[in-house]
Protein chains: 2
Amino acid sequence: MDTQLETGEEVIARLMEVTATDMEAVNGQILERVRSHVAMVPEISSYLIEAGGKRLRPMLTLISARMFAHPNGNQINYAAAVEFMHNATLLHDDVVDESEMRRGQPAARKIWGNQASVLVGDFLLGQAFMMMVETGDLTALRTLSEAAAVIAEGEVFQLARAGKLDTSEKDYMEIITAKTATLFEAATRVGAMAGGATRDQQDAMALYGRELGLAFQIVDDVLDYGGVRGDMGKNTGDDLREGKMTLPIILALKEADGKERDFLASALGNGAADEQMLARVLDILQRYGGLDAAIARALDHALKAREALAPFAPSGLRDILEGITQYCVARVS
Amino acid sequence: MDTQLETGEEVIARLMEVTATDMEAVNGQILERVRSHVAMVPEISSYLIEAGGKRLRPMLTLISARMFAHPNGNQINYAAAVEFMHNATLLHDDVVDESEMRRGQPAARKIWGNQASVLVGDFLLGQAFMMMVETGDLTALRTLSEAAAVIAEGEVFQLARAGKLDTSEKDYMEIITAKTATLFEAATRVGAMAGGATRDQQDAMALYGRELGLAFQIVDDVLDYGGVRGDMGKNTGDDLREGKMTLPIILALKEADGKERDFLASALGNGAADEQMLARVLDILQRYGGLDAAIARALDHALKAREALAPFAPSGLRDILEGITQYCVARVS
């Protein structure tokens, strides 16, 4: 068996293929649960959920359930709940970050306003909990409700550290663990639960999810500076303008001289930072290898995610899970 | 036994007295659950939760449990969860309404910003679900998670109807049922569940909570226009400036002539509406008895709340529950 899937597209295509039937049920659940006579509720929800998202998280839940012998059907509700939690977070994040765009389209808040974005996010969170409750599995409920609190706490921490030059790598890892890896971890763990995994197997799948989530977020943070080559393109520099202390910046700050530090300080959180400022920031990041070093960390976490799968016998599904770790990092190069 | 408690203060004092021991445990839970090394989380939570709120909802949960023979202890977590849900809603509402003040103090968003208010609201919601999960009672979990979705949906509906002169009484009742009565109903229902109530008894307590919540919200909406006498004071007219279609306005619009309708239309949602405009709005509300008629509705719901208690034998606790219905409406006069 060829365990090396060639391209990111191929991995995602295979993932979509093996989760297709379950995903149809998940999509049905999603449509059913955003129904409301209040038109903005389905409008905003559908706009967001259908707008080009890869639905990676729910697919992770579904494939995690399929990895085990006896999926009990709960994975459908869990996957839909995970997608709702993710989209609730996106709606609130866009308000918090004052984002203009999301997935190449105007952010929902630009069309329906901040107010509706906050409230529809709350609605999706409530619906997510209702779907979990319906499965009757308290262990999965605990996993997902804890994730909701941890994600929010991590986002507050990120906000508190914005623009703070003394933000450490440890702080950064804590933030991305909370805001991103926690939901990936919950997605794979509850999937494994629905599949009938033992506690050890659940822990292995949860570790896979967490490490994958860390790799995913670090890569996202590098992409925000245009990837390893630091290509300036659309949306490049959003994190900089929002003052987000991401890994490339933190690593470069360690090496930068006083003048460069002062310049980075003036650019971070500067909503009006123009192309010239961004170019100079990229120059500093390149000079001290901030982008390359960050990618090396992402690779490290991707590798740990692969290693977490070691207890499972080789299979087509395991190949896909391994392929996702490669795809995740390959997005950047 | 004197079933008529004399004053609102007396009712609240008696309510606080009979729930004091449980409330201490609830306050302990609240403090425990807002703990975080991220300073803004406990800061914002404590600021809001300690800032003069009467904690009426958690006390309703506690007294509802005490109405029955065998409280199993879950009422502590339910009461804390209800208070967290309420405060999460307040944080998000203040962002949605761009409020300056809350309970006589600057709104949290004026001190910590909209961003932190959204995120800490999410954190409180996540913690509320965790506390419910810990009780292991799926029926209560269903009640409270459904309430979370219904509240958010009602708030979106309210937003959608803002400034719309064709908003009907039916629309208004749907909005306040969702945004206010649902949580009162959930608070009394889960309290009764923790107390060991039968299904019929739970339904009676839930009906009490719902009708009380309706009376409470109608009175709040009348108070926003200065009460039955239409006294202008601090915060008077907030609903008008936000374009909220509340009962006094809806009832007055039915009777108003074309010129008055045009004037009300120009004032509703006019953030800059000054005292002179407000005075003219109050004049129209008085002329057509909008405030009195709204109070009559509130009284009607308060009476229904009392009637819901009919299945229960007279007792000191029932007296307090009845007294709350009076207190609730008496606030206005």
# chains A, B, ... in the order shown; residues from 1 in each chain; ligands from 1
>>> closest_atom_pairs(of="chain A", to="chain B", cutoff="7 Å", atoms="only C-alpha atoms", output="tab-separated table")
residue	atom	partner	partner_atom	distance
A:Val38	CA	B:Phe157	CA	5.7
A:Val96	CA	B:Gln115	CA	4.6
A:Gln115	CA	B:Val96	CA	4.6
A:Ala116	CA	B:Val156	CA	6.3
A:Leu119	CA	B:Ala152	CA	5.6
A:Val120	CA	B:Ala152	CA	6.8
A:Asp122	CA	B:Ala152	CA	5.8
A:Phe123	CA	B:Ala149	CA	4.7
A:Gly126	CA	B:Ala149	CA	4.2
A:Gln127	CA	B:Ala149	CA	5.7
A:Phe129	CA	B:Ser145	CA	5.8
A:Met130	CA	B:Ser145	CA	5.6
A:Val133	CA	B:Arg142	CA	6.1
A:Gly136	CA	B:Leu138	CA	6.8
A:Leu138	CA	B:Val133	CA	6.7
A:Leu141	CA	B:Val133	CA	6.8
A:Arg142	CA	B:Val133	CA	6.1
A:Ser145	CA	B:Met130	CA	5.6
A:Glu146	CA	B:Met130	CA	6.1
A:Ala148	CA	B:Gly126	CA	5.0
A:Ala149	CA	B:Gly126	CA	4.2
A:Ala152	CA	B:Phe123	CA	5.0
A:Glu153	CA	B:Phe123	CA	6.1
A:Glu155	CA	B:Leu119	CA	6.9
A:Val156	CA	B:Leu119	CA	6.2
A:Phe157	CA	B:Val38	CA	5.7
>>> residues_around(residues="A:Leu212", least_positions_apart="5", cutoff="7 Å", atoms="only C-alpha atoms", output="list in words")
His301, Ala302, Ala305 and Thr325 of chain A
>>> residues_around(residues="B:Glu83", least_positions_apart="2", cutoff="9 Å", atoms="only C-alpha atoms", output="PyMOL selection string")
chain B and resi 30+49+55-58+78-81+85-88+128
>>> residues_around(residues="stretch 182-185 of chain B", least_positions_apart="6", cutoff="6 Å", atoms="only C-alpha atoms", output="list of chain:residue names")
B:Ala147, B:Ala206, B:Gly209, B:Arg210, B:Gly213
>>> residues_around(residues="stretch 279-284 of chain A", least_positions_apart="5", cutoff="12 Å", atoms="only C-alpha atoms", output="PyMOL selection string")
chain A and resi 222-233+236-237+240-241+248-257+259-268+273-274+289-291
>>> select_by_dssp(residues="stretch 177-331 of chain A", states="helix (DSSP H, G or I)", output="ChimeraX atom specification")
/A:177-195,199-223,238-242,247-255,258-267,275-287,290-308,316-330
>>> write_last_selection(atoms="C-alpha atoms", output="mmCIF file, in the first residue's frame")
data_model
loop_
_atom_site.group_PDB
_atom_site.id
_atom_site.type_symbol
_atom_site.label_atom_id
_atom_site.label_comp_id
_atom_site.auth_asym_id
_atom_site.auth_seq_id
_atom_site.Cartn_x
_atom_site.Cartn_y
_atom_site.Cartn_z
ATOM 1 C CA THR A 177 -3.411 25.456 21.764
ATOM 2 C CA ALA A 178 -6.534 27.051 23.241
ATOM 3 C CA LYS A 179 -7.963 28.827 20.234
ATOM 4 C CA THR A 180 -7.231 26.235 17.522
ATOM 5 C CA ALA A 181 -5.783 22.927 18.731
ATOM 6 C CA THR A 182 -8.493 22.430 21.367
ATOM 7 C CA LEU A 183 -11.251 22.181 18.762
ATOM 8 C CA PHE A 184 -9.187 19.890 16.496
ATOM 9 C CA GLU A 185 -8.505 17.712 19.542
ATOM 10 C CA ALA A 186 -12.151 17.699 20.580
ATOM 11 C CA ALA A 187 -13.197 16.913 16.988
ATOM 12 C CA THR A 188 -11.031 13.794 16.768
ATOM 13 C CA ARG A 189 -11.716 12.702 20.348
ATOM 14 C CA VAL A 190 -15.514 12.778 20.106
ATOM 15 C CA GLY A 191 -15.275 11.102 16.704
ATOM 16 C CA ALA A 192 -13.274 8.272 18.273
ATOM 17 C CA MET A 193 -15.839 8.078 21.104
ATOM 18 C CA ALA A 194 -18.651 7.682 18.587
ATOM 19 C CA GLY A 195 -16.601 4.989 16.857
ATOM 20 C CA ARG A 199 -9.891 5.289 26.254
ATOM 21 C CA ASP A 200 -6.285 4.794 25.048
ATOM 22 C CA GLN A 201 -7.395 4.952 21.444
ATOM 23 C CA GLN A 202 -9.401 8.115 22.161
ATOM 24 C CA ASP A 203 -6.313 9.672 23.724
ATOM 25 C CA ALA A 204 -4.212 8.766 20.678
ATOM 26 C CA MET A 205 -6.767 10.325 18.308
ATOM 27 C CA ALA A 206 -7.017 13.396 20.571
ATOM 28 C CA LEU A 207 -3.230 13.791 20.506
ATOM 29 C CA TYR A 208 -3.301 13.505 16.716
ATOM 30 C CA GLY A 209 -5.951 16.250 16.576
ATOM 31 C CA ARG A 210 -4.104 18.547 18.961
ATOM 32 C CA GLU A 211 -0.757 18.302 17.179
ATOM 33 C CA LEU A 212 -2.426 18.687 13.793
ATOM 34 C CA GLY A 213 -4.217 21.788 15.077
ATOM 35 C CA LEU A 214 -0.939 23.304 16.288
ATOM 36 C CA ALA A 215 0.738 22.661 12.926
ATOM 37 C CA PHE A 216 -2.320 24.084 11.155
ATOM 38 C CA GLN A 217 -2.326 27.327 13.150
ATOM 39 C CA ILE A 218 1.419 27.940 12.902
ATOM 40 C CA VAL A 219 1.152 27.510 9.128
ATOM 41 C CA ASP A 220 -1.796 29.927 9.066
ATOM 42 C CA ASP A 221 0.281 32.452 10.968
ATOM 43 C CA VAL A 222 3.152 32.078 8.481
ATOM 44 C CA LEU A 223 0.712 32.401 5.562
ATOM 45 C CA ASP A 238 -3.732 41.241 8.837
ATOM 46 C CA ASP A 239 -2.171 39.753 11.980
ATOM 47 C CA LEU A 240 0.435 42.527 11.978
ATOM 48 C CA ARG A 241 -2.192 45.261 11.748
ATOM 49 C CA GLU A 242 -4.209 43.585 14.522
ATOM 50 C CA LEU A 247 5.474 32.915 16.050
ATOM 51 C CA PRO A 248 7.349 34.513 13.114
ATOM 52 C CA ILE A 249 7.318 37.868 14.927
ATOM 53 C CA ILE A 250 8.225 36.379 18.310
ATOM 54 C CA LEU A 251 11.179 34.473 16.813
ATOM 55 C CA ALA A 252 12.440 37.485 14.851
ATOM 56 C CA LEU A 253 12.158 39.764 17.908
ATOM 57 C CA LYS A 254 14.645 37.540 19.740
ATOM 58 C CA GLU A 255 17.341 38.397 17.189
ATOM 59 C CA GLY A 258 17.018 47.874 19.023
ATOM 60 C CA LYS A 259 16.085 49.859 15.932
ATOM 61 C CA GLU A 260 14.346 46.885 14.345
ATOM 62 C CA ARG A 261 12.465 46.147 17.566
ATOM 63 C CA ASP A 262 11.277 49.744 17.670
ATOM 64 C CA PHE A 263 10.133 49.484 14.092
ATOM 65 C CA LEU A 264 8.260 46.204 14.712
ATOM 66 C CA ALA A 265 6.647 47.812 17.773
ATOM 67 C CA SER A 266 5.437 50.707 15.633
ATOM 68 C CA ALA A 267 4.020 48.386 12.969
ATOM 69 C CA GLU A 275 2.797 48.061 1.970
ATOM 70 C CA GLN A 276 6.076 49.792 2.639
ATOM 71 C CA MET A 277 5.907 49.067 6.366
ATOM 72 C CA LEU A 278 4.841 45.488 5.683
ATOM 73 C CA ALA A 279 7.749 45.053 3.257
ATOM 74 C CA ARG A 280 10.170 46.188 5.943
ATOM 75 C CA VAL A 281 8.592 43.821 8.494
ATOM 76 C CA LEU A 282 8.943 40.954 6.002
ATOM 77 C CA ASP A 283 12.530 41.958 5.450
ATOM 78 C CA ILE A 284 13.222 41.682 9.190
ATOM 79 C CA LEU A 285 11.377 38.342 9.384
ATOM 80 C CA GLN A 286 13.455 37.019 6.475
ATOM 81 C CA ARG A 287 16.733 38.342 7.860
ATOM 82 C CA GLY A 290 11.394 33.935 11.519
ATOM 83 C CA LEU A 291 9.260 32.365 8.802
ATOM 84 C CA ASP A 292 11.504 29.361 8.197
ATOM 85 C CA ALA A 293 11.901 28.711 11.909
ATOM 86 C CA ALA A 294 8.134 28.852 12.376
ATOM 87 C CA ILE A 295 7.620 26.359 9.557
ATOM 88 C CA ALA A 296 10.156 24.046 11.169
ATOM 89 C CA ARG A 297 7.995 24.106 14.319
ATOM 90 C CA ALA A 298 4.885 23.374 12.286
ATOM 91 C CA LEU A 299 6.647 20.383 10.706
ATOM 92 C CA ASP A 300 7.610 19.182 14.144
ATOM 93 C CA HIS A 301 3.971 19.218 15.283
ATOM 94 C CA ALA A 302 2.844 17.565 12.052
ATOM 95 C CA LEU A 303 5.344 14.811 12.744
ATOM 96 C CA LYS A 304 4.037 14.390 16.280
ATOM 97 C CA ALA A 305 0.534 14.108 14.871
ATOM 98 C CA ARG A 306 1.735 11.268 12.593
ATOM 99 C CA GLU A 307 3.464 9.560 15.486
ATOM 100 C CA ALA A 308 0.263 9.683 17.509
ATOM 101 C CA GLY A 316 -6.328 3.424 3.974
ATOM 102 C CA LEU A 317 -7.899 5.628 6.637
ATOM 103 C CA ARG A 318 -4.641 5.963 8.548
ATOM 104 C CA ASP A 319 -2.963 6.944 5.276
ATOM 105 C CA ILE A 320 -5.447 9.748 4.882
ATOM 106 C CA LEU A 321 -4.919 10.961 8.455
ATOM 107 C CA GLU A 322 -1.161 10.947 7.813
ATOM 108 C CA GLY A 323 -1.675 12.698 4.498
ATOM 109 C CA ILE A 324 -3.620 15.482 6.230
ATOM 110 C CA THR A 325 -0.571 16.272 8.361
ATOM 111 C CA GLN A 326 1.494 16.708 5.178
ATOM 112 C CA TYR A 327 -1.185 18.695 3.389
ATOM 113 C CA CYS A 328 -1.496 20.954 6.378
ATOM 114 C CA VAL A 329 2.132 22.065 6.208
ATOM 115 C CA ALA A 330 2.401 21.866 2.421
#
>>> atom_distance(atom1="atom CA of A:Ile76", atom2="atom CA of A:Val26")
5.4 Å
